[in-house]
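Notes follow once the structure below has been shown.
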Amino acid sequence: MRYRLMIFDWDGTLMDSVARIVASMQAAGRDIGWGELPDDRVRDIIGLGLPEAIAKLCPGIDAERAEALKQRYAHYFVEGDATPMPFYPGVTEGMARLRADDRSRLAVATGKSRRGLDRVFRESGSGAWFHASRTADETRSKPHPQMLEELLGELGVAAEEAVMIGDTEYDMEMARALGMDRIAVTYGVHEPDRLAASRPTFTAGSFPELIDWLHG
């Protein structure tokens with residue numbers, strides 16, 4: 001294995017939840033009277049913590065409407081939208097291959113809330129895959145590297161022994177801030193050329209390709 005610690009983003013990297021995120025945010029925007037939120041603008045904020053995402057998506061929004069948007073989004077994402085959220089092809093098998101190496105550690109660094117990540121861990125049965133996780137409401141939102149720093153400290157791994165894996169420039173930039181290797185996956189939300197600007201160590205077009213590379 002190339003690394004002692006592999007840190008994964010969630011939405012757009014492990015789970016194909018992008019369509020539900022977009023639909024839920026658009027419905028929430030209509031509910032609060034903000035108007036139609038274009039697909040590309042919603043996709044752009046996936047990976048950020050929800051307060052940071054709303055501030056970027058809706059410039060000038062006041063605190064009351066931002067809270068209303070947050071609550072309506074949570075309603076649609078959890079209850080009001082039935083868009084499927086499968087793992088990307090090869091994720092279940094690939095994570096089993098990584099877990100088979102007792103010397104390696106796996107973690108999640110996500111823009112989700114702790115409540116949201118724990119919910120999806122339970123619903124998908126994937127919580128046991130990981131040795132640690134950090135969410136945006138426990139620390140600072142991407143692209144600030146604090147969640148990576150905390151994971152490195154918790155698991156006792158140096159930055160040069162770890163890698164961040166994600167589908168957005170926010171994932172790439174928080175790893176680059178620490179001088180950490182980073183792998184871009186191109187099947188998520190940000191375009192390959194946008195990811196390339198952060199100089200990823202490797203770029204994978206599929207999850208099986210990623211796993212093969214990690215195994216060297």
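Chains: A, B, ... in order of the structure tokens. Residues: from 1 per chain. Ligands: from 1, in order shown.
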
With range 173-181 of chain A as the partner and 12 Å as the cut-off, tabulate the residues of range 11-119 of chain A that qualify, each row holding the nearest pair of atoms and their distance in Å to one decimal, using only C-alpha atoms, sorted by chain and rising number, as a tab-separated table.
residue	atom	partner	partner_atom	distance
A:Gly47	CA	A:Met174	CA	11.6
A:Leu48	CA	A:Met174	CA	11.5
A:Ala109	CA	A:Met174	CA	10.4
A:Thr110	CA	A:Met174	CA	11.7

Subject >> Picked from range 22-130 of chain A by DSSP as helix (DSSP H, G or I), as an MDAnalysis selection string >> reply: chainID A and resid 22:31 39:45 50:57 63:80 91:99 114:124 127:129

Would you kindly return, as a PDB file with all heavy atoms, in the first residue's frame, each protein, DNA or RNA residue with an atom no farther than 9 Å from any atom of Ile32 in chain A, considering only C-alpha atoms and excluding same-chain residues fewer than 6 positions away?
ATOM      1  N   ARG A  65     -33.071  34.052   6.543  1.00  0.00           N
ATOM      2  CA  ARG A  65     -33.366  33.268   5.338  1.00  0.00           C
ATOM      3  C   ARG A  65     -32.340  32.148   5.147  1.00  0.00           C
ATOM      4  O   ARG A  65     -32.684  31.071   4.655  1.00  0.00           O
ATOM      5  CB  ARG A  65     -33.407  34.170   4.102  1.00  0.00           C
ATOM      6  CG  ARG A  65     -34.555  35.169   4.123  1.00  0.00           C
ATOM      7  CD  ARG A  65     -34.613  35.956   2.848  1.00  0.00           C
ATOM      8  NE  ARG A  65     -35.327  35.258   1.801  1.00  0.00           N
ATOM      9  CZ  ARG A  65     -35.379  35.679   0.532  1.00  0.00           C
ATOM     10  NH1 ARG A  65     -34.726  36.764   0.161  1.00  0.00           N
ATOM     11  NH2 ARG A  65     -36.070  34.996  -0.356  1.00  0.00           N
ATOM     12  N   ALA A  68     -33.521  29.392   7.267  1.00  0.00           N
ATOM     13  CA  ALA A  68     -34.692  28.767   6.655  1.00  0.00           C
ATOM     14  C   ALA A  68     -34.278  27.866   5.496  1.00  0.00           C
ATOM     15  O   ALA A  68     -34.802  26.747   5.338  1.00  0.00           O
ATOM     16  CB  ALA A  68     -35.671  29.833   6.168  1.00  0.00           C
ATOM     17  N   LEU A  69     -33.324  28.332   4.689  1.00  0.00           N
ATOM     18  CA  LEU A  69     -32.840  27.522   3.572  1.00  0.00           C
ATOM     19  C   LEU A  69     -32.171  26.251   4.094  1.00  0.00           C
ATOM     20  O   LEU A  69     -32.393  25.151   3.560  1.00  0.00           O
ATOM     21  CB  LEU A  69     -31.860  28.336   2.736  1.00  0.00           C
ATOM     22  CG  LEU A  69     -31.280  27.651   1.487  1.00  0.00           C
ATOM     23  CD1 LEU A  69     -32.382  27.222   0.525  1.00  0.00           C
ATOM     24  CD2 LEU A  69     -30.281  28.558   0.793  1.00  0.00           C
ATOM     25  N   ARG A  72     -34.946  23.813   5.282  1.00  0.00           N
ATOM     26  CA  ARG A  72     -35.698  23.220   4.169  1.00  0.00           C
ATOM     27  C   ARG A  72     -34.828  22.245   3.379  1.00  0.00           C
ATOM     28  O   ARG A  72     -35.296  21.193   2.945  1.00  0.00           O
ATOM     29  CB  ARG A  72     -36.245  24.312   3.236  1.00  0.00           C
ATOM     30  CG  ARG A  72     -37.285  25.215   3.880  1.00  0.00           C
ATOM     31  CD  ARG A  72     -38.382  24.424   4.567  1.00  0.00           C
ATOM     32  NE  ARG A  72     -39.175  23.656   3.617  1.00  0.00           N
ATOM     33  CZ  ARG A  72     -39.958  22.635   3.945  1.00  0.00           C
ATOM     34  NH1 ARG A  72     -40.019  22.225   5.205  1.00  0.00           N
ATOM     35  NH2 ARG A  72     -40.664  21.997   3.030  1.00  0.00           N
TER      36      ARG A  72
END

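Taking CA of Ile165 in chain A and CA of Glu149 in chain A as the two end points, the separation is 15.0 Å.
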
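If you measure from each of A:Ala96, A:Met172, A:Ala132, A:Ile46 to Gly156 in chain A using only C-alpha atoms, the closest one turns out to be A:Ala132.
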
**OP:** Could you pull out the residues in chain A that DSSP calls strand (DSSP E) from the backbone, as number ranges by chain?
**Re:** A: 5-8, 105-110, 132-135, 162-166, 181-185, 202-204

Would you mind exporting N, CA and C atoms of the selected residues as a CSV table (one decimal), in the first residue's frame?
chain,number,residue,atom,x,y,z
A,5,LEU,N,-2.3,6.2,5.7
A,5,LEU,CA,-3.6,6.7,5.9
A,5,LEU,C,-4.2,7.2,4.6
A,6,MET,N,-5.4,6.8,4.3
A,6,MET,CA,-6.2,7.3,3.1
A,6,MET,C,-7.5,7.9,3.6
A,7,ILE,N,-7.6,9.2,3.3
A,7,ILE,CA,-8.7,10.0,3.8
A,7,ILE,C,-9.6,10.3,2.6
A,8,PHE,N,-10.9,10.0,2.7
A,8,PHE,CA,-11.8,10.1,1.6
A,8,PHE,C,-12.9,11.2,1.9
A,105,ARG,N,-4.8,2.8,7.5
A,105,ARG,CA,-6.0,3.4,8.2
A,105,ARG,C,-6.8,4.2,7.2
A,106,LEU,N,-8.1,4.2,7.4
A,106,LEU,CA,-9.1,4.8,6.5
A,106,LEU,C,-9.9,5.9,7.3
A,107,ALA,N,-10.1,7.0,6.7
A,107,ALA,CA,-10.9,8.1,7.3
A,107,ALA,C,-11.7,8.8,6.3
A,108,VAL,N,-12.7,9.6,6.8
A,108,VAL,CA,-13.5,10.5,6.0
A,108,VAL,C,-13.3,11.9,6.5
A,109,ALA,N,-13.2,12.8,5.5
A,109,ALA,CA,-13.2,14.2,5.7
A,109,ALA,C,-14.3,14.8,4.8
A,110,THR,N,-15.4,15.3,5.4
A,110,THR,CA,-16.6,15.7,4.6
A,110,THR,C,-17.2,17.0,5.0
A,132,ALA,N,-11.6,6.7,11.6
A,132,ALA,CA,-11.9,8.1,12.1
A,132,ALA,C,-12.6,8.9,11.0
A,133,SER,N,-13.3,10.0,11.5
A,133,SER,CA,-13.9,10.9,10.5
A,133,SER,C,-14.0,12.3,11.1
A,134,ARG,N,-14.1,13.2,10.2
A,134,ARG,CA,-14.4,14.6,10.6
A,134,ARG,C,-15.4,15.2,9.7
A,135,THR,N,-16.3,16.0,10.3
A,135,THR,CA,-17.4,16.7,9.5
A,135,THR,C,-17.2,18.2,9.7
A,162,ALA,N,0.2,10.2,4.3
A,162,ALA,CA,-1.3,10.2,4.1
A,162,ALA,C,-1.6,10.8,2.8
A,163,VAL,N,-2.8,10.5,2.3
A,163,VAL,CA,-3.3,11.0,1.1
A,163,VAL,C,-4.8,11.4,1.2
A,164,MET,N,-5.2,12.5,0.6
A,164,MET,CA,-6.6,13.0,0.5
A,164,MET,C,-7.2,12.6,-0.8
A,165,ILE,N,-8.3,12.0,-0.8
A,165,ILE,CA,-9.0,11.6,-2.1
A,165,ILE,C,-10.3,12.3,-2.2
A,166,GLY,N,-10.5,13.0,-3.3
A,166,GLY,CA,-11.8,13.7,-3.4
A,166,GLY,C,-12.1,14.2,-4.9
A,181,ASP,N,-0.1,14.6,-0.2
A,181,ASP,CA,-0.5,14.0,-1.5
A,181,ASP,C,-2.0,14.1,-1.6
A,182,ARG,N,-2.5,14.2,-2.8
A,182,ARG,CA,-3.9,14.3,-3.1
A,182,ARG,C,-4.3,13.6,-4.4
A,183,ILE,N,-5.4,12.9,-4.4
A,183,ILE,CA,-5.8,12.1,-5.6
A,183,ILE,C,-7.2,12.7,-6.0
A,184,ALA,N,-7.3,13.1,-7.2
A,184,ALA,CA,-8.5,13.7,-7.8
A,184,ALA,C,-9.3,12.6,-8.5
A,185,VAL,N,-10.6,12.5,-8.2
A,185,VAL,CA,-11.4,11.6,-9.0
A,185,VAL,C,-12.3,12.4,-9.9
A,202,PHE,N,-2.2,12.0,-8.3
A,202,PHE,CA,-2.8,11.1,-9.3
A,202,PHE,C,-4.2,11.5,-9.6
A,203,THR,N,-4.7,11.2,-10.8
A,203,THR,CA,-6.1,11.4,-11.1
A,203,THR,C,-6.7,10.1,-11.6
A,204,ALA,N,-7.8,9.8,-11.0
A,204,ALA,CA,-8.5,8.5,-11.3
A,204,ALA,C,-9.9,8.8,-12.0

**OP:** Work out how far CA of Ala74 in chain A is from CA of Glu123 in chain A, in Å to one decimal.
**Re:**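 CA of Ala74 in chain A lies 16.3 Å from CA of Glu123 in chain A.
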
Subject >> Using only C-alpha atoms: which of A:Met15, A:Ile21, A:Cys58, A:Ile211 has the shortest distance to Met85 in chain A >> reply: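 Closest to Met85 in chain A, using only C-alpha atoms: A:Met15.
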
Subject >> A:Tyr76, A:Gly90, A:Phe130, A:Gly49 ranked by distance to Asp118 in chain A, top pick (using only C-alpha atoms) >> reply: A:Phe130

Original post:
So which residues touch range 52-55 of chain A within 9 Å, counting only C-alpha atoms, skipping near sequence neighbours fewer than 5 positions away, as a list in words?
Top reply: Val42, Asp44, Ile45, Ile46, Gly47, Gly60, Ile61, Ala66, Leu69, Lys70 and Ser141 of chain A

File of the preceding selection, C-alpha atoms, as a CSV table (one decimal), in the first residue's frame:
chain,number,residue,atom,x,y,z
A,42,VAL,CA,-25.4,24.0,-6.6
A,44,ASP,CA,-20.1,24.0,-7.3
A,45,ILE,CA,-20.7,24.2,-3.6
A,46,ILE,CA,-20.9,20.5,-2.9
A,47,GLY,CA,-18.1,19.6,-0.4
A,60,GLY,CA,-26.2,38.6,0.4
A,61,ILE,CA,-28.6,36.3,2.1
A,66,ALA,CA,-30.1,31.3,5.4
A,69,LEU,CA,-32.8,27.5,3.6
A,70,LYS,CA,-30.7,25.2,5.8
A,141,SER,CA,-15.0,23.8,6.4

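CA of Gly94 in chain A sits 10.5 Å away from CA of His215 in chain A.
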
Subject >> Nearest to Pro89 in chain A by atom-to-atom distance, counting only C-alpha atoms, from A:Glu209, A:Glu161, A:Asp39, A:Asp101 >> reply: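 Selected residue with least distance to Pro89 in chain A: A:Glu209.
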
Original post:
When distances are computed from only C-alpha atoms, which of A:Gly153, A:Gly12, A:Pro51, A:Gly33 shows the smallest separation from Phe87 in chain A?
Top reply: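 With only C-alpha atoms as the atom set, the closest residue is A:Gly12.
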
**OP:** Using only C-alpha atoms, pick whichever of A:Asp137, A:Arg43, A:Gly216, A:Leu98 has the shortest atom-to-atom distance to Glu191 in chain A.
**Re:**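 The answer is A:Arg43, which sits nearest to Glu191 in chain A.
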
**OP:** Tell me, as a list in words, which residues lie within 10 Å of Gly116 in chain A, counting only C-alpha atoms; anything in the same chain fewer than 4 positions away does not count.
**Re:** Ala74, Phe77, Val78, Gly111, Lys112, Val120, Phe121 and Thr135 of chain A

Export, as a short mmCIF file (atom, residue, chain, number, x, y, z; two decimals), in the first residue's frame, the selected residues with N, CA, C and O atoms.
data_model
loop_
_atom_site.label_atom_id
_atom_site.label_comp_id
_atom_site.auth_asym_id
_atom_site.auth_seq_id
_atom_site.Cartn_x
_atom_site.Cartn_y
_atom_site.Cartn_z
N ALA A 74 -32.37 20.44 4.63
CA ALA A 74 -32.28 19.23 5.45
C ALA A 74 -33.54 18.39 5.33
O ALA A 74 -33.48 17.15 5.24
N PHE A 77 -33.47 16.68 1.84
CA PHE A 77 -32.40 15.69 1.70
C PHE A 77 -32.70 14.43 2.50
O PHE A 77 -32.45 13.31 2.03
N VAL A 78 -33.27 14.57 3.69
CA VAL A 78 -33.52 13.42 4.56
C VAL A 78 -34.86 12.76 4.27
O VAL A 78 -34.96 11.53 4.24
N GLY A 111 -17.88 17.61 4.04
CA GLY A 111 -18.65 18.81 4.31
C GLY A 111 -19.98 18.52 4.98
O GLY A 111 -20.70 19.44 5.36
N LYS A 112 -20.32 17.25 5.15
CA LYS A 112 -21.55 16.90 5.85
C LYS A 112 -21.46 17.31 7.32
O LYS A 112 -20.39 17.56 7.85
N VAL A 120 -25.87 8.42 7.35
CA VAL A 120 -25.55 7.67 6.14
C VAL A 120 -24.66 6.47 6.46
O VAL A 120 -24.75 5.42 5.79
N PHE A 121 -23.83 6.58 7.49
CA PHE A 121 -23.09 5.40 7.95
C PHE A 121 -24.05 4.27 8.33
O PHE A 121 -23.86 3.11 7.95
N THR A 135 -16.29 16.04 10.28
CA THR A 135 -17.35 16.72 9.54
C THR A 135 -17.19 18.23 9.68
O THR A 135 -16.51 18.72 10.59
#
